[in-house]
Amino acid sequence: MPAIRLGDIAYARSGDKGAGANIGVIAREPRGYEILKNHLTTDLVERYFAPLQPGKVIRYELPNLGALNFILPQILDGGGSVSLRTDAQGKALGQAILELRLEIET
Amino acid sequence: METIRIGNASAFWGDSNDAPARLVEQAPDLDYLTLDYLAEVSMSILAKQRERDPAAGYARDFVGVVASLARFWKSGRKLRVVTNAGGLNPAGCAEACAQVLRNAGCRNLRIGIVGGDDVLPEIRAALGANSHTREFAHMESGSPIETIRESLVTANAYIGAAPMVDAIQKGADLIISGRVADPSLTVAPCVAHFGWKTDDFQRIAGSTVAGHLIECGTQVTGGISTDWLDLDIRNIGYPIVEVSADGSCIVTKPLGTGGRVSEQSVKEQLVYELGDPGRYLSPDATVSFLTLNVEDQGNDRVRVSGATGSPPPEQYKVSATYRAGYRAAGMLTIVGRDAVAKARRCGEMVLNRLRAAGSEPQRYQVECLGSGDAIGQVAQTDSAGLLETVLRISVFDPRKEIVERFTREIAPLVTSGPQGTTGYAEGRPPVREVFGYWPTLIPRAKVKPQVQLIEV
């Protein structure tokens with residue numbers, strides 16, 4: 001099956017929520033939302049971000065915006081002021097998720 | 001349809017100090033200007049400043065902003081400013097602003113001071129009554145507050161719009177508060193203007209969404225957009241919401257400014273720092289984003305309607321801060337073949353030297369920037385061919401001397417590290433105190449928001 005780059009069908013924004021972060025992923029076209037909903041699962045996102053130890057990922061659906069919202073409750077290594085990472089506030093996670101490849105039937 | 005026009009020209013303490021006057025100039029029909037200065041741990045920085053000077057403890061930059069706005073008031077323009085710049089000392093901030101306005105020749109202005117968000121005394125009292133109290137436990141981890149008893153610095157409740165509404169209704173031109181929920185800076189002018197009842201959660205929800213959209217300034221006008229490179233960001237415009245009596249709004253920006261307000265820019269900001277979209281919690285209302293409708297009308301105008309409101313939580317959220325220790329981060333650039341492998345070995349060398357000196361820090365992190373390390377290499381794995389990388393080592397320890405010792409171990413790499421080690425012009429990295437963030441809850445009845453007025 002061919003793989004598509006998530007960034008080709010969606011845009012994103014991320015930010016911190018305490019020791020965790022959220023990533024909103026928004027479909028560029030209405031039909032893209034169905035692809036997101038069916039393929040961008042919590043399992044896939046959890047596996048993708050495994051090196052950053054995201055914790056148990058939660059997914060919320062916003063069909064009215066064509067968007068999914070992911071909560072990665074542990075991903076910031078303590079969060080904001082305590083984290084030693086360059087990206088202590090999760091600002092880069094939106095760009096990171098857009099590089100994810102989805103294997104879909106076209 | 002009658003609307004109220006509310007702008008934002010400060011997303012955080014550090015945003016452009018020129019932006020407020022520029023937005024007021026560019027938008028002659030602006031009714032309210034909101035300015036946000038407080039991030040989660042800002043209060044601890046203010047607490048340090050207040051330790052050195054009891055008259056301090058607020059965002060000093062705001063006083064300069066007020067000076068830059070004086071000419072508009074002097075010319076008779078009706079403009080109200082709503083801000084949380086008061087930090088830990090709204091009264092001190094108001095006095096400083098009054099002085100600046102008097103010096104600029106402004107008269108007949110009224111400043112509303114909103115306080116009562118400081119709940120440190122309540123926490124101390126609860127600990128005094130029972131040191132093992134279950135109250136004020138950490139919202140995420142559940143740890144008891146006694147864990148940080150000795151290191152507590154600040155504790156402030158995110159209060160809602162009500163006291164700011166009161167100040168506006170009493171004729172305040174400048175409303176200076178301490179910790180309030182960010183969207184409430186926008187909700188307050190709407191409630192005061194349209195006369196909404198405090199339990200009109202549907203309309204309040206709409207204005208809360210409007211506040212959420214503008215509270216981060218240019219993040220809704222093209223800043224940090226996924227497609228940023230495709231936009232003309234020069235002279236980026238700060239956002240304005242035109243809120244209607246039903247609580248819906250149009251997000252826009254001044255004519256002729258850079259950036260873009262589009263369906264994309266609005267949706268991106270709607271999901272920013274969002275938790276459960278069905279229950280966005282704010283002290284004024286609980287809001288569902290699941291019924292929102294976003295309609296791009298073109299020309300940098302996007303209508304946002306359909307928010308569903310219900311009563312707010314029974315408790316206020318509290319942001320407490322505590323002294324957690326010290327940290328420092330040092331950087332060097334490594335150029336040449338096998339740059340990343342060389343940088344990683346440098347990281348090991350420094351750690352080994354600290355260990356040998358009995359100064360191993362509690363936490364130690366090495367990143368080779370350029371190799372994908374900033375995002376855990378999730379998107380990039382082939383770094384073998386890189387000809388340069390920035391080595392960044394950061395450490396944390398509760399003991400200041402351990403972190404200081406680390407800052408002296410970077411420079412020796414300039415002569416003992418790999419050929420092509422460069423970029424040491426900044427010298428030893430500074431040691432910074434770390435304040436931890438402790439989110440918790442407090443019953444609304446224990447918090448008494450207050451309003452005081454002074455005349456200029």
# chains A, B, ... in the order shown; residues from 1 in each chain; ligands from 1

$ closest_atom_pairs --of "chain B" --to "chain A" --cutoff "6 Å" --atoms "only C-alpha atoms" --output "JSON lines"
{"residue": "B:Thr226", "atom": "CA", "partner": "A:Tyr11", "partner_atom": "CA", "distance": 5.9}
{"residue": "B:Glu268", "atom": "CA", "partner": "A:Arg13", "partner_atom": "CA", "distance": 5.8}
{"residue": "B:Val271", "atom": "CA", "partner": "A:Gly24", "partner_atom": "CA", "distance": 5.4}
{"residue": "B:Glu273", "atom": "CA", "partner": "A:Gly15", "partner_atom": "CA", "distance": 5.1}
{"residue": "B:Leu290", "atom": "CA", "partner": "A:Leu62", "partner_atom": "CA", "distance": 5.9}
{"residue": "B:Gly376", "atom": "CA", "partner": "A:Pro51", "partner_atom": "CA", "distance": 5.6}
{"residue": "B:Ala379", "atom": "CA", "partner": "A:Glu99", "partner_atom": "CA", "distance": 5.9}
{"residue": "B:Ser394", "atom": "CA", "partner": "A:Leu84", "partner_atom": "CA", "distance": 5.9}

$ select_by_dssp --residues "chain A" --states "helix (DSSP H, G or I)" --output "number ranges by chain"
A: 6-9, 30-39, 42-48, 50-52, 93-98

$ write_last_selection --atoms "C-alpha atoms" --output "short mmCIF file (atom, residue, chain, number, x, y, z; two decimals), in the first residue's frame"
data_model
loop_
_atom_site.label_atom_id
_atom_site.label_comp_id
_atom_site.auth_asym_id
_atom_site.auth_seq_id
_atom_site.Cartn_x
_atom_site.Cartn_y
_atom_site.Cartn_z
CA LEU A 6 0.19 13.35 7.00
CA GLY A 7 1.19 16.96 6.23
CA ASP A 8 -0.14 16.55 2.68
CA ILE A 9 -3.71 16.09 3.90
CA PRO A 30 -13.55 17.45 4.22
CA ARG A 31 -12.81 13.94 2.86
CA GLY A 32 -9.42 14.06 4.55
CA TYR A 33 -11.18 13.94 7.90
CA GLU A 34 -12.40 10.40 7.20
CA ILE A 35 -8.82 9.34 6.51
CA LEU A 36 -7.66 10.94 9.76
CA LYS A 37 -10.48 9.36 11.72
CA ASN A 38 -9.86 5.88 10.30
CA HIS A 39 -6.06 5.82 10.16
CA THR A 42 -4.21 6.52 19.29
CA ASP A 43 -2.09 3.38 18.86
CA LEU A 44 -0.31 4.78 15.82
CA VAL A 45 0.35 8.14 17.50
CA GLU A 46 1.55 6.45 20.69
CA ARG A 47 3.97 4.26 18.72
CA TYR A 48 5.20 7.17 16.59
CA ALA A 50 7.38 6.35 21.71
CA PRO A 51 10.99 7.75 21.88
CA LEU A 52 9.58 10.81 23.70
CA LEU A 93 5.17 18.34 18.07
CA GLY A 94 2.73 19.62 15.43
CA GLN A 95 5.53 19.70 12.85
CA ALA A 96 6.69 16.27 14.06
CA ILE A 97 3.32 14.57 13.60
CA LEU A 98 2.92 15.98 10.07
#

$ residues_around --residues "Arg344 in chain B" --least-positions-apart "3" --cutoff "9 Å" --atoms "only C-alpha atoms" --output "JSON, numbers by chain"
{"B": [339, 340, 341, 347, 348, 349, 366, 367, 368, 391]}

$ closest_residue --among "B:Ala27, B:Val82, B:Phe72, B:Asp117" --to "Gly237 in chain B" --atoms "only C-alpha atoms"
B:Ala27

$ atom_distance --atom1 "CA of Gln269 in chain B" --atom2 "CA of Val251 in chain B"
11.3 Å

$ atom_distance --atom1 "CA of Pro254 in chain B" --atom2 "CA of Asp61 in chain B"
23.9 Å

$ atom_distance --atom1 "CA of Ser131 in chain B" --atom2 "CA of Phe435 in chain B"
22.1 Å
